$ cat entry-v1.tsv   # TSV, C-alpha atoms and all ligand atoms
chain	number	residue	atom	x	y	z
L	1402	MET	CA	125.26	88.24	74.95
L	1403	PRO	CA	127.97	90.75	75.83
L	1404	PRO	CA	130.15	89.83	78.80
L	1405	ALA	CA	129.03	91.53	82.00
L	1406	GLU	CA	131.87	92.22	84.37
L	1407	SER	CA	129.71	91.58	87.40
L	1408	ASN	CA	128.58	88.24	86.05
L	1409	VAL	CA	131.36	86.17	87.58
L	1410	PRO	CA	130.02	82.64	87.87
L	1411	GLU	CA	129.99	80.99	91.29
L	1412	ARG	CA	130.66	77.46	90.11
L	1413	ARG	CA	134.37	76.63	89.77
L	1414	CYS	CA	135.81	74.09	87.45
L	1415	GLU	CA	137.98	72.31	90.05
L	1416	ALA	CA	139.74	70.06	87.59
L	1417	ASP	CA	141.00	72.93	85.51
L	1418	VAL	CA	142.17	74.96	88.49
L	1419	ALA	CA	143.85	71.94	90.10
L	1420	ASP	CA	145.93	71.34	86.98
L	1421	TYR	CA	147.83	74.54	87.65
L	1422	GLU	CA	149.25	74.51	91.13
L	1423	GLN	CA	151.75	77.17	90.18
L	1424	PRO	CA	149.95	79.93	88.29
L	1425	CYS	CA	152.07	81.37	85.55
L	1426	ASP	CA	153.80	84.67	85.98
L	1427	LEU	CA	151.43	87.39	84.84
L	1428	SER	CA	154.06	90.06	84.41
L	1429	LEU	CA	154.39	91.22	80.83
L	1430	PRO	CA	157.59	91.41	78.82
L	1431	GLU	CA	159.11	94.88	78.78
L	1432	ALA	CA	158.28	95.39	75.11
L	1433	VAL	CA	154.53	95.10	75.66
L	1434	ARG	CA	154.15	96.80	79.05
L	1435	ARG	CA	152.65	99.78	77.27
L	1436	ILE	CA	149.62	97.64	76.38
L	1437	ARG	CA	147.41	98.08	79.39
L	1438	LEU	CA	145.32	95.12	80.45
L	1439	PRO	CA	142.50	95.20	82.98
L	1440	ALA	CA	143.12	93.18	86.15
L	1441	LEU	CA	142.72	89.48	85.50
L	1442	ASN	CA	140.27	87.39	87.42
L	1443	ARG	CA	142.91	84.85	88.41
L	1444	GLU	CA	140.46	82.19	89.49
L	1445	TRP	CA	139.08	82.04	85.98
L	1446	SER	CA	142.12	82.74	83.94
L	1447	TYR	CA	143.74	79.30	83.70
L	1448	ARG	CA	141.22	77.43	81.62
L	1449	VAL	CA	143.16	75.17	79.30
L	1450	LEU	CA	143.24	76.44	75.75
L	1451	ILE	CA	143.32	75.02	72.27
L	1452	ASP	CA	145.05	77.37	69.85
L	1453	ALA	CA	143.02	76.76	66.69
L	1454	HIS	CA	145.20	78.89	64.43
L	1455	HIS	CA	148.95	79.18	64.11
L	1456	HIS	CA	151.58	78.72	61.45
L	1457	LEU	CA	155.03	77.17	61.24
L	1458	TRP	CA	157.65	77.78	58.64
L	1459	HIS	CA	161.19	77.37	57.39
L	1460	TYR	CA	161.68	80.79	55.88
L	1461	ASN	CA	162.79	81.26	52.30
L	1462	PRO	CA	162.25	84.40	50.21
L	1463	ARG	CA	160.53	82.59	47.31
L	1464	ASP	CA	157.67	80.96	49.23
L	1465	TYR	CA	157.06	83.84	51.61
L	1466	ALA	CA	157.11	86.78	49.25
L	1467	TRP	CA	154.27	88.42	51.22
L	1468	MET	CA	156.65	89.15	54.11
L	1469	THR	CA	157.51	92.56	52.72
L	1470	GLY	CA	158.20	95.92	54.37
L	1471	SER	CA	157.04	96.00	57.96
L	1472	MET	CA	156.57	92.22	57.93
L	1473	ALA	CA	160.35	91.76	57.66
L	1474	PRO	CA	160.61	90.49	61.29
L	1475	LEU	CA	158.78	87.36	60.12
L	1476	ARG	CA	161.61	86.48	57.74
L	1477	ARG	CA	163.14	83.72	59.84
L	1478	ASP	CA	162.28	80.18	60.85
L	1479	PHE	CA	159.35	79.69	63.24
L	1480	LEU	CA	159.40	76.02	64.20
L	1481	ILE	CA	157.91	73.54	66.63
L	1482	SER	CA	160.36	74.09	69.50
L	1483	GLU	CA	159.66	77.83	69.65
L	1484	LEU	CA	155.91	77.20	69.48
L	1485	GLN	CA	156.13	74.73	72.35
L	1486	THR	CA	157.95	77.29	74.49
L	1487	VAL	CA	155.31	79.98	74.06
L	1488	MET	CA	152.44	77.48	74.39
L	1489	ARG	CA	153.75	76.25	77.72
L	1490	GLU	CA	153.86	79.79	79.09
L	1491	SER	CA	150.16	80.21	78.31
L	1492	ASP	CA	148.61	76.84	79.26
L	1493	VAL	CA	147.83	75.87	75.69
L	1494	GLU	CA	147.35	72.11	75.45
L	1495	GLY	CA	146.77	71.58	71.74
L	1496	THR	CA	146.88	73.40	68.43
L	1497	VAL	CA	145.71	73.48	64.85
L	1498	ALA	CA	148.41	74.37	62.29
L	1499	VAL	CA	147.21	76.38	59.31
L	1500	GLN	CA	148.78	76.67	55.86
L	1501	ALA	CA	150.70	79.82	54.89
L	1502	ARG	CA	152.30	78.90	51.56
L	1503	GLN	CA	149.73	77.37	49.18
L	1504	THR	CA	151.79	74.35	48.25
L	1505	ILE	CA	151.10	70.64	48.51
L	1506	GLU	CA	154.57	70.28	50.04
L	1507	GLU	CA	153.59	72.49	52.98
L	1508	THR	CA	150.43	70.44	53.60
L	1509	GLU	CA	152.55	67.27	53.62
L	1510	TRP	CA	155.11	68.87	55.93
L	1511	LEU	CA	152.46	70.02	58.44
L	1512	LEU	CA	150.82	66.57	58.42
L	1513	ASP	CA	154.20	64.96	59.03
L	1514	LEU	CA	154.78	67.28	62.00
L	1515	ALA	CA	151.32	66.42	63.34
L	1516	ASP	CA	152.19	62.72	63.12
L	1517	ARG	CA	155.27	63.31	65.26
L	1518	HIS	CA	153.85	65.80	67.81
L	1519	SER	CA	150.66	64.77	69.56
L	1520	PHE	CA	149.82	68.33	70.69
L	1521	LEU	CA	149.40	69.23	67.01
L	1522	LEU	CA	145.80	68.08	66.89
L	1523	GLY	CA	145.03	69.02	63.34
L	1524	VAL	CA	146.12	70.68	60.11
L	1525	VAL	CA	144.29	73.10	57.85
L	1526	GLY	CA	146.23	72.58	54.66
L	1527	TRP	CA	146.12	73.76	51.08
L	1528	VAL	CA	145.15	71.87	47.95
L	1529	PRO	CA	144.61	73.35	44.47
L	1530	LEU	CA	140.81	73.61	44.77
L	1531	ARG	CA	140.46	74.98	41.23
L	1532	GLY	CA	142.75	72.41	39.67
L	1533	PRO	CA	141.72	69.37	37.61
L	1534	ASP	CA	143.53	67.07	40.06
L	1535	VAL	CA	141.81	68.35	43.22
L	1536	THR	CA	139.92	65.08	43.71
L	1537	ALA	CA	143.13	63.06	43.58
L	1538	HIS	CA	144.84	65.34	46.10
L	1539	LEU	CA	141.88	65.28	48.47
L	1540	GLU	CA	141.51	61.51	48.29
L	1541	ARG	CA	145.19	61.03	49.03
L	1542	PHE	CA	145.09	63.35	52.06
L	1543	ALA	CA	141.70	62.14	53.28
L	1544	GLY	CA	143.33	58.98	54.62
L	1545	ASN	CA	145.24	61.11	57.13
L	1546	PRO	CA	143.04	61.82	60.16
L	1547	ARG	CA	145.15	64.86	61.07
L	1548	LEU	CA	143.95	66.79	58.03
L	1549	LYS	CA	140.94	68.72	59.32
L	1550	GLY	CA	140.39	71.35	56.70
L	1551	VAL	CA	141.69	73.35	53.78
L	1552	ARG	CA	142.21	77.03	53.15
L	1553	HIS	CA	143.03	79.30	50.24
L	1554	VAL	CA	144.53	82.77	50.79
L	1555	LEU	CA	141.49	84.45	49.29
L	1556	HIS	CA	142.32	87.93	50.50
L	1557	ASP	CA	145.55	88.05	48.51
L	1558	GLU	CA	143.84	87.24	45.22
L	1559	SER	CA	143.58	90.25	42.91
L	1560	ASP	CA	139.99	89.21	42.16
L	1561	ASP	CA	137.85	90.23	45.16
L	1562	PHE	CA	135.18	87.78	43.94
L	1563	TYR	CA	137.49	84.79	43.62
L	1564	MET	CA	135.37	82.79	46.08
L	1565	LEU	CA	132.43	82.95	43.66
L	1566	ARG	CA	134.28	81.36	40.73
L	1567	ASP	CA	132.64	78.14	39.56
L	1568	ASP	CA	135.82	76.06	39.48
L	1569	PHE	CA	136.73	77.14	43.02
L	1570	ASN	CA	133.23	76.24	44.24
L	1571	ARG	CA	133.44	72.84	42.56
L	1572	GLY	CA	136.52	72.15	44.67
L	1573	VAL	CA	134.86	73.38	47.87
L	1574	SER	CA	131.82	71.16	47.18
L	1575	LEU	CA	134.07	68.08	47.49
L	1576	LEU	CA	135.07	68.82	51.10
L	1577	LYS	CA	131.87	67.85	52.87
L	1578	SER	CA	132.01	64.16	51.94
L	1579	LEU	CA	135.58	64.00	53.31
L	1580	ASN	CA	134.60	65.72	56.60
L	1581	LEU	CA	136.91	68.62	55.84
L	1582	VAL	CA	136.30	72.16	57.08
L	1583	TYR	CA	136.90	75.16	54.84
L	1584	ASP	CA	138.71	78.07	56.56
L	1585	ILE	CA	137.71	81.48	55.18
L	1586	LEU	CA	140.51	84.10	55.04
L	1587	VAL	CA	139.10	87.45	53.95
L	1588	PHE	CA	139.15	91.13	54.74
L	1589	GLU	CA	135.94	92.78	55.82
L	1590	ARG	CA	135.37	94.18	52.33
L	1591	HIS	CA	134.91	90.59	51.12
L	1592	LEU	CA	132.08	89.80	53.55
L	1593	PRO	CA	129.11	90.38	51.20
L	1594	GLN	CA	130.46	87.90	48.65
L	1595	THR	CA	131.55	85.58	51.46
L	1596	ILE	CA	127.89	85.35	52.52
L	1597	GLU	CA	126.97	84.45	48.94
L	1598	PHE	CA	129.78	81.88	48.85
L	1599	VAL	CA	128.66	80.24	52.11
L	1600	ASP	CA	125.07	80.09	50.86
L	1601	ARG	CA	126.22	77.91	47.97
L	1602	HIS	CA	127.33	75.26	50.51
L	1603	PRO	CA	124.67	75.04	53.24
L	1604	ASN	CA	125.98	71.70	54.58
L	1605	GLN	CA	129.68	72.58	54.55
L	1606	VAL	CA	131.35	73.56	57.84
L	1607	PHE	CA	133.14	76.91	57.50
L	1608	VAL	CA	135.49	78.63	59.95
L	1609	LEU	CA	135.92	82.36	59.53
L	1610	ASP	CA	139.53	83.30	60.27
L	1611	HIS	CA	140.45	86.42	62.26
L	1612	ILE	CA	136.82	87.66	62.54
L	1613	ALA	CA	137.23	88.74	58.89
L	1614	LYS	CA	139.90	91.34	59.72
L	1615	PRO	CA	137.87	94.43	60.62
L	1616	ARG	CA	139.47	97.89	60.49
L	1617	ILE	CA	140.44	97.96	64.16
L	1618	ARG	CA	143.22	100.45	63.41
L	1619	GLU	CA	140.49	102.98	62.61
L	1620	ASN	CA	138.14	101.73	65.34
L	1621	ALA	CA	135.61	101.20	62.54
L	1622	LEU	CA	132.71	98.85	63.29
L	1623	SER	CA	130.34	99.34	60.32
L	1624	PRO	CA	129.69	97.77	57.89
L	1625	TRP	CA	131.76	94.90	59.32
L	1626	LYS	CA	129.33	94.50	62.24
L	1627	GLU	CA	126.22	94.23	60.07
L	1628	ASN	CA	127.88	91.82	57.65
L	1629	ILE	CA	129.19	89.62	60.47
L	1630	GLU	CA	125.70	89.48	61.97
L	1631	GLU	CA	124.31	88.41	58.60
L	1632	LEU	CA	127.01	85.78	58.05
L	1633	ALA	CA	126.53	84.40	61.57
L	1634	ARG	CA	122.89	83.64	60.80
L	1635	ARG	CA	124.30	80.67	58.89
L	1636	GLY	CA	124.63	77.98	61.54
L	1637	ASN	CA	127.37	76.16	59.59
L	1638	VAL	CA	129.84	79.05	60.08
L	1639	TYR	CA	132.22	79.19	63.05
L	1640	CYS	CA	134.53	82.08	63.90
L	1641	LYS	CA	138.07	82.42	65.26
L	1642	ILE	CA	138.99	85.08	67.79
L	1643	SER	CA	142.42	85.64	66.29
L	1644	GLY	CA	144.39	88.03	64.13
L	1645	MET	CA	142.93	91.07	65.87
L	1646	ALA	CA	146.04	92.74	67.29
L	1647	THR	CA	147.64	92.80	63.85
L	1648	GLU	CA	144.58	94.61	62.46
L	1649	ALA	CA	145.16	97.37	65.02
L	1650	ASP	CA	148.17	99.68	65.29
L	1651	TRP	CA	150.99	97.26	66.07
L	1652	ALA	CA	152.78	99.62	68.45
L	1653	SER	CA	149.88	101.21	70.30
L	1654	TRP	CA	146.85	98.87	70.29
L	1655	THR	CA	145.01	98.45	73.55
L	1656	ALA	CA	143.02	95.60	75.06
L	1657	SER	CA	139.96	97.82	75.38
L	1658	GLN	CA	140.11	98.47	71.64
L	1659	MET	CA	139.37	94.76	71.10
L	1660	GLN	CA	136.25	94.76	73.29
L	1661	PRO	CA	133.62	96.08	70.83
L	1662	TYR	CA	134.78	93.62	68.15
L	1663	PHE	CA	134.65	90.74	70.62
L	1664	ASP	CA	131.18	91.83	71.74
L	1665	VAL	CA	129.92	91.73	68.16
L	1666	VAL	CA	131.17	88.20	67.42
L	1667	LEU	CA	130.08	86.93	70.83
L	1668	SER	CA	126.57	88.23	70.28
L	1669	ALA	CA	126.45	87.07	66.64
L	1670	PHE	CA	127.98	83.59	66.90
L	1671	GLY	CA	127.61	82.75	70.61
L	1672	PRO	CA	130.26	80.78	72.56
L	1673	ALA	CA	129.35	77.48	70.84
L	1674	ARG	CA	130.60	78.84	67.48
L	1675	LEU	CA	133.63	80.82	68.69
L	1676	MET	CA	137.14	79.50	69.15
L	1677	PHE	CA	140.51	80.94	70.15
L	1678	GLY	CA	143.45	81.35	67.79
L	1679	SER	CA	146.83	83.04	68.17
L	1680	ASP	CA	147.83	83.53	64.53
L	1681	TRP	CA	151.40	83.11	65.83
L	1682	PRO	CA	153.95	83.93	64.49
L	1683	VAL	CA	152.23	86.67	62.45
L	1684	LEU	CA	150.97	87.82	65.86
L	1685	THR	CA	154.53	88.67	66.89
L	1686	LEU	CA	154.38	91.80	64.74
L	1687	ALA	CA	151.99	93.28	67.32
L	1688	ALA	CA	152.22	91.23	70.52
L	1689	THR	CA	153.80	88.31	72.27
L	1690	TYR	CA	151.89	85.03	72.42
L	1691	LYS	CA	151.42	85.50	76.16
L	1692	THR	CA	150.01	89.02	75.79
L	1693	TRP	CA	147.44	87.88	73.23
L	1694	VAL	CA	146.36	84.95	75.40
L	1695	GLU	CA	145.99	87.28	78.39
L	1696	THR	CA	144.02	89.77	76.30
L	1697	PHE	CA	141.74	86.94	75.18
L	1698	ARG	CA	141.32	85.62	78.74
L	1699	ASN	CA	140.25	89.09	79.81
L	1700	LEU	CA	137.72	89.29	77.00
L	1701	ILE	CA	136.03	86.06	78.13
L	1702	ALA	CA	136.44	86.64	81.87
L	1703	GLY	CA	132.82	87.68	82.39
L	1704	LEU	CA	131.39	84.55	80.80
L	1705	SER	CA	130.23	81.45	82.66
L	1706	ALA	CA	132.53	78.46	83.09
L	1707	GLY	CA	130.62	76.56	80.42
L	1708	GLU	CA	130.79	79.43	77.94
L	1709	GLN	CA	134.53	79.83	78.54
L	1710	ASP	CA	135.03	76.12	77.98
L	1711	GLU	CA	133.25	76.38	74.64
L	1712	ILE	CA	135.45	79.20	73.38
L	1713	CYS	CA	138.67	77.87	74.91
L	1714	ARG	CA	138.46	74.39	73.42
L	1715	ARG	CA	135.10	72.70	72.85
L	1716	THR	CA	134.09	74.70	69.77
L	1717	ALA	CA	137.43	73.92	68.10
L	1718	GLN	CA	137.11	70.26	69.05
L	1719	ARG	CA	133.66	70.08	67.50
L	1720	ALA	CA	134.24	72.14	64.37
L	1721	TYR	CA	137.51	70.42	63.44
L	1722	ARG	CA	136.67	66.98	64.91
L	1723	LEU	CA	139.85	67.09	66.98
L	1724	GLY	CA	140.74	63.84	68.67
L	1801	ZN	ZN	147.35	83.28	60.02

$ encode --input "entry-v1.tsv" --output "structure tokens"
Amino acid sequence: MPPAESNVPERRCEADVADYEQPCDLSLPEAVRRIRLPALNREWSYRVLIDAHHHLWHYNPRDYAWMTGSMAPLRRDFLISELQTVMRESDVEGTVAVQARQTIEETEWLLDLADRHSFLLGVVGWVPLRGPDVTAHLERFAGNPRLKGVRHVLHDESDDFYMLRDDFNRGVSLLKSLNLVYDILVFERHLPQTIEFVDRHPNQVFVLDHIAKPRIRENALSPWKENIEELARRGNVYCKISGMATEADWASWTASQMQPYFDVVLSAFGPARLMFGSDWPVLTLAATYKTWVETFRNLIAGLSAGEQDEICRRTAQRAYRLG
């Protein structure tokens, strides 16, 4: 159901509005003023958010070799204190930290941070799913309630069909019994084999990251749209509204450019299988945290209070079993 601008619900969520006696400053930083946003419906714009996708890192050139060329601004530390600052500006109450390095050490580090910071509600870590010791790793981590899922950086594998390898699928088949989600990180060209991959695990909960990175830079919808609609027919697949600005032109993307992509995932998955994610700090290549949150709030502004609640936090709480 695409959002209708005239469909502003009459029922207010008093508790949410009352939490914010001093609405945050809606003015945009100078650097992103060029990105034009439609007028916000202020009454509906302060629904508390869970950010279901961000990263944290101590930068070093060995572990983050993918930060090449135009990604050079990411080559510095992005740590908890900076995340807390940008979260506070955007009424984000809790987060899910996602792996970026593909090491056991990073998974341990993120879980340790989650133990010490209650707003870090969960971790999507990395384990060697194809390795002979995957069971031992999973059993060791399974005792930690903050581990909610695992992810492999599929889209950086040279083999576009990596997700169909038998050893990889053996690892994924172990996740269900440990109540772990699998986060799918792919480009849109991987969607046909992603559908095949998901069909091998009908009882496994999957979360599709970044709406499968469509070619927003080119304003291309097909065949991404058709493949997303097919994937969404699987009720065990959820989808994150994240990573979109960085798939558009970093310097000149517009909020309206995001609308047709949002409409497709809203219609395909529905609010009960959509969740919000920032993809911070990768996001900072294209936008500030605040700008992305405001863009997202505009995209959902035409939905009912209940639908907004689903996308803002309840879907993430359900899919990841957040406490
Ligand atoms: Zn990310």

$ atom_distance --input "entry-v1.tsv" --atom1 "atom CA of L:Arg1531" --atom2 "atom CA of L:Arg1601"
16.0 Å

$ residues_around --input "entry-v1.tsv" --residues "L:Glu1558" --least-positions-apart "6" --cutoff "12 Å" --atoms "all atoms listed in the file" --output "VMD selection string"
chain L and resid 1564 1586 to 1588 1591

$ residues_around --input "entry-v1.tsv" --residues "stretch 1664-1675 of chain L" --least-positions-apart "3" --cutoff "8 Å" --atoms "all atoms listed in the file" --output "VMD selection string"
chain L and resid 1402 to 1404 1612 1626 1629 to 1630 1633 to 1634 1638 to 1642 1660 to 1661 1708 to 1709 1711 to 1712 1715 to 1717

$ residues_around --input "entry-v1.tsv" --residues "L:Asn1570" --least-positions-apart "2" --cutoff "12 Å" --atoms "all atoms listed in the file" --output "ChimeraX atom specification"
/L:1529-1532,1535,1553,1562-1568,1572-1576,1583,1595,1597-1602,1605

$ closest_residue --input "entry-v1.tsv" --among "L:Val1449, L:Met1488, L:Ala1498, L:Ala1613" --to "L:His1556" --atoms "all atoms listed in the file"
L:Ala1613

$ residues_around --input "entry-v1.tsv" --residues "L:Gly1526" --least-positions-apart "2" --cutoff "12 Å" --atoms "all atoms listed in the file" --output "PyMOL selection string"
chain L and resi 1454-1457+1497-1513+1515+1523-1524+1528-1530+1538-1539+1542-1543+1545+1547-1554+1581-1584

$ closest_residue --input "entry-v1.tsv" --among "L:Leu1632, L:Ala1688, L:Ala1537, L:Ala1453" --to "ligand ZN 1801 (chain L)" --atoms "only C-alpha atoms and all ligand atoms"
L:Ala1453

$ atom_distance --input "entry-v1.tsv" --atom1 "atom CA of L:Ser1657" --atom2 "atom CA of L:Leu1700"
9.0 Å

$ residues_near_point --input "entry-v1.tsv" --point "(157.6, 93.5, 64.0)" --cutoff "7 Å" --atoms "only C-alpha atoms" --output "ChimeraX atom specification"
/L:1471-1472,1474,1685-1687

$ atom_distance --input "entry-v1.tsv" --atom1 "atom CA of L:Ser1679" --atom2 "atom CA of L:Ile1481"
14.7 Å

$ residues_near_point --input "entry-v1.tsv" --point "(141.7, 98.0, 72.2)" --cutoff "10 Å" --atoms "all atoms listed in the file" --output "list of chain:residue names"
L:Ile1436, L:Arg1437, L:Leu1438, L:Ile1617, L:Arg1618, L:Asn1620, L:Met1645, L:Ala1646, L:Ala1649, L:Asp1650, L:Ser1653, L:Trp1654, L:Thr1655, L:Ala1656, L:Ser1657, L:Gln1658, L:Met1659, L:Gln1660, L:Pro1661, L:Tyr1662, L:Thr1696

$ closest_residue --input "entry-v1.tsv" --among "L:Ser1578, L:Thr1486, L:Thr1536, L:Thr1647" --to "ligand ZN 1801 (chain L)" --atoms "only C-alpha atoms and all ligand atoms"
L:Thr1647

$ closest_residue --input "entry-v1.tsv" --among "L:Cys1713, L:Val1525, L:Leu1592, L:Leu1579" --to "ligand ZN 1801 (chain L)" --atoms "all atoms listed in the file"
L:Val1525

$ closest_residue --input "entry-v1.tsv" --among "L:Ser1643, L:Leu1480, L:Asn1637, L:Asn1628" --to "L:Lys1614" --atoms "all atoms listed in the file"
L:Ser1643

$ closest_residue --input "entry-v1.tsv" --among "L:Ser1705, L:Ala1621, L:Thr1689, L:Asp1610" --to "ligand ZN 1801 (chain L)" --atoms "all atoms listed in the file"
L:Asp1610

$ decode --input "entry-v1.tsv" --residues "stretch 1630-1696 of chain L" --atoms "C-alpha atoms" --output "mmCIF file, in the first residue's frame"
data_model
loop_
_atom_site.group_PDB
_atom_site.id
_atom_site.type_symbol
_atom_site.label_atom_id
_atom_site.label_comp_id
_atom_site.auth_asym_id
_atom_site.auth_seq_id
_atom_site.Cartn_x
_atom_site.Cartn_y
_atom_site.Cartn_z
ATOM 1 C CA GLU L 1630 8.281 -8.665 -5.166
ATOM 2 C CA GLU L 1631 9.158 -12.317 -5.723
ATOM 3 C CA LEU L 1632 11.495 -12.463 -2.712
ATOM 4 C CA ALA L 1633 8.903 -10.769 -0.492
ATOM 5 C CA ARG L 1634 6.440 -13.578 -1.178
ATOM 6 C CA ARG L 1635 8.557 -15.536 1.298
ATOM 7 C CA GLY L 1636 7.068 -14.621 4.671
ATOM 8 C CA ASN L 1637 10.324 -15.412 6.504
ATOM 9 C CA VAL L 1638 12.140 -12.479 4.837
ATOM 10 C CA TYR L 1639 12.244 -9.008 6.405
ATOM 11 C CA CYS L 1640 13.720 -5.897 4.801
ATOM 12 C CA LYS L 1641 15.725 -2.902 6.021
ATOM 13 C CA ILE L 1642 15.062 0.596 4.736
ATOM 14 C CA SER L 1643 18.723 1.557 4.801
ATOM 15 C CA GLY L 1644 21.734 2.072 2.576
ATOM 16 C CA MET L 1645 19.678 3.913 -0.037
ATOM 17 C CA ALA L 1646 21.379 7.321 -0.122
ATOM 18 C CA THR L 1647 24.741 5.686 -0.793
ATOM 19 C CA GLU L 1648 23.246 3.865 -3.796
ATOM 20 C CA ALA L 1649 22.307 7.250 -5.273
ATOM 21 C CA ASP L 1650 24.657 10.046 -6.325
ATOM 22 C CA TRP L 1651 26.294 11.029 -3.034
ATOM 23 C CA ALA L 1652 26.401 14.745 -3.831
ATOM 24 C CA SER L 1653 23.071 15.265 -5.550
ATOM 25 C CA TRP L 1654 20.541 12.635 -4.392
ATOM 26 C CA THR L 1655 17.079 13.859 -3.533
ATOM 27 C CA ALA L 1656 14.435 12.653 -1.104
ATOM 28 C CA SER L 1657 11.929 12.264 -3.926
ATOM 29 C CA GLN L 1658 14.349 9.901 -5.669
ATOM 30 C CA MET L 1659 13.892 7.486 -2.750
ATOM 31 C CA GLN L 1660 10.085 7.442 -3.002
ATOM 32 C CA PRO L 1661 9.556 4.851 -5.788
ATOM 33 C CA TYR L 1662 11.964 2.426 -4.086
ATOM 34 C CA PHE L 1663 10.215 2.879 -0.752
ATOM 35 C CA ASP L 1664 6.838 2.360 -2.436
ATOM 36 C CA VAL L 1665 8.006 -0.958 -3.884
ATOM 37 C CA VAL L 1666 9.256 -2.400 -0.577
ATOM 38 C CA LEU L 1667 6.250 -1.050 1.319
ATOM 39 C CA SER L 1668 3.868 -2.720 -1.100
ATOM 40 C CA ALA L 1669 5.909 -5.941 -1.266
ATOM 41 C CA PHE L 1670 6.780 -6.489 2.403
ATOM 42 C CA GLY L 1671 4.200 -4.355 4.232
ATOM 43 C CA PRO L 1672 5.014 -2.414 7.445
ATOM 44 C CA ALA L 1673 5.150 -5.598 9.560
ATOM 45 C CA ARG L 1674 8.254 -6.784 7.648
ATOM 46 C CA LEU L 1675 10.033 -3.444 7.189
ATOM 47 C CA MET L 1676 12.470 -1.855 9.604
ATOM 48 C CA PHE L 1677 14.618 1.289 9.670
ATOM 49 C CA GLY L 1678 18.404 1.287 9.440
ATOM 50 C CA SER L 1679 20.947 4.082 9.093
ATOM 51 C CA ASP L 1680 23.978 2.183 7.787
ATOM 52 C CA TRP L 1681 25.991 4.814 9.682
ATOM 53 C CA PRO L 1682 28.878 5.538 9.292
ATOM 54 C CA VAL L 1683 28.898 4.360 5.657
ATOM 55 C CA LEU L 1684 25.894 6.693 5.341
ATOM 56 C CA THR L 1685 28.145 9.691 6.003
ATOM 57 C CA LEU L 1686 29.499 9.429 2.459
ATOM 58 C CA ALA L 1687 26.117 10.703 1.235
ATOM 59 C CA ALA L 1688 24.245 12.247 4.169
ATOM 60 C CA THR L 1689 24.279 13.056 7.841
ATOM 61 C CA TYR L 1690 22.498 10.711 10.237
ATOM 62 C CA LYS L 1691 19.891 13.396 10.872
ATOM 63 C CA THR L 1692 19.184 13.938 7.175
ATOM 64 C CA TRP L 1693 18.629 10.233 6.577
ATOM 65 C CA VAL L 1694 16.298 9.944 9.568
ATOM 66 C CA GLU L 1695 14.326 12.952 8.333
ATOM 67 C CA THR L 1696 14.154 11.498 4.826
#
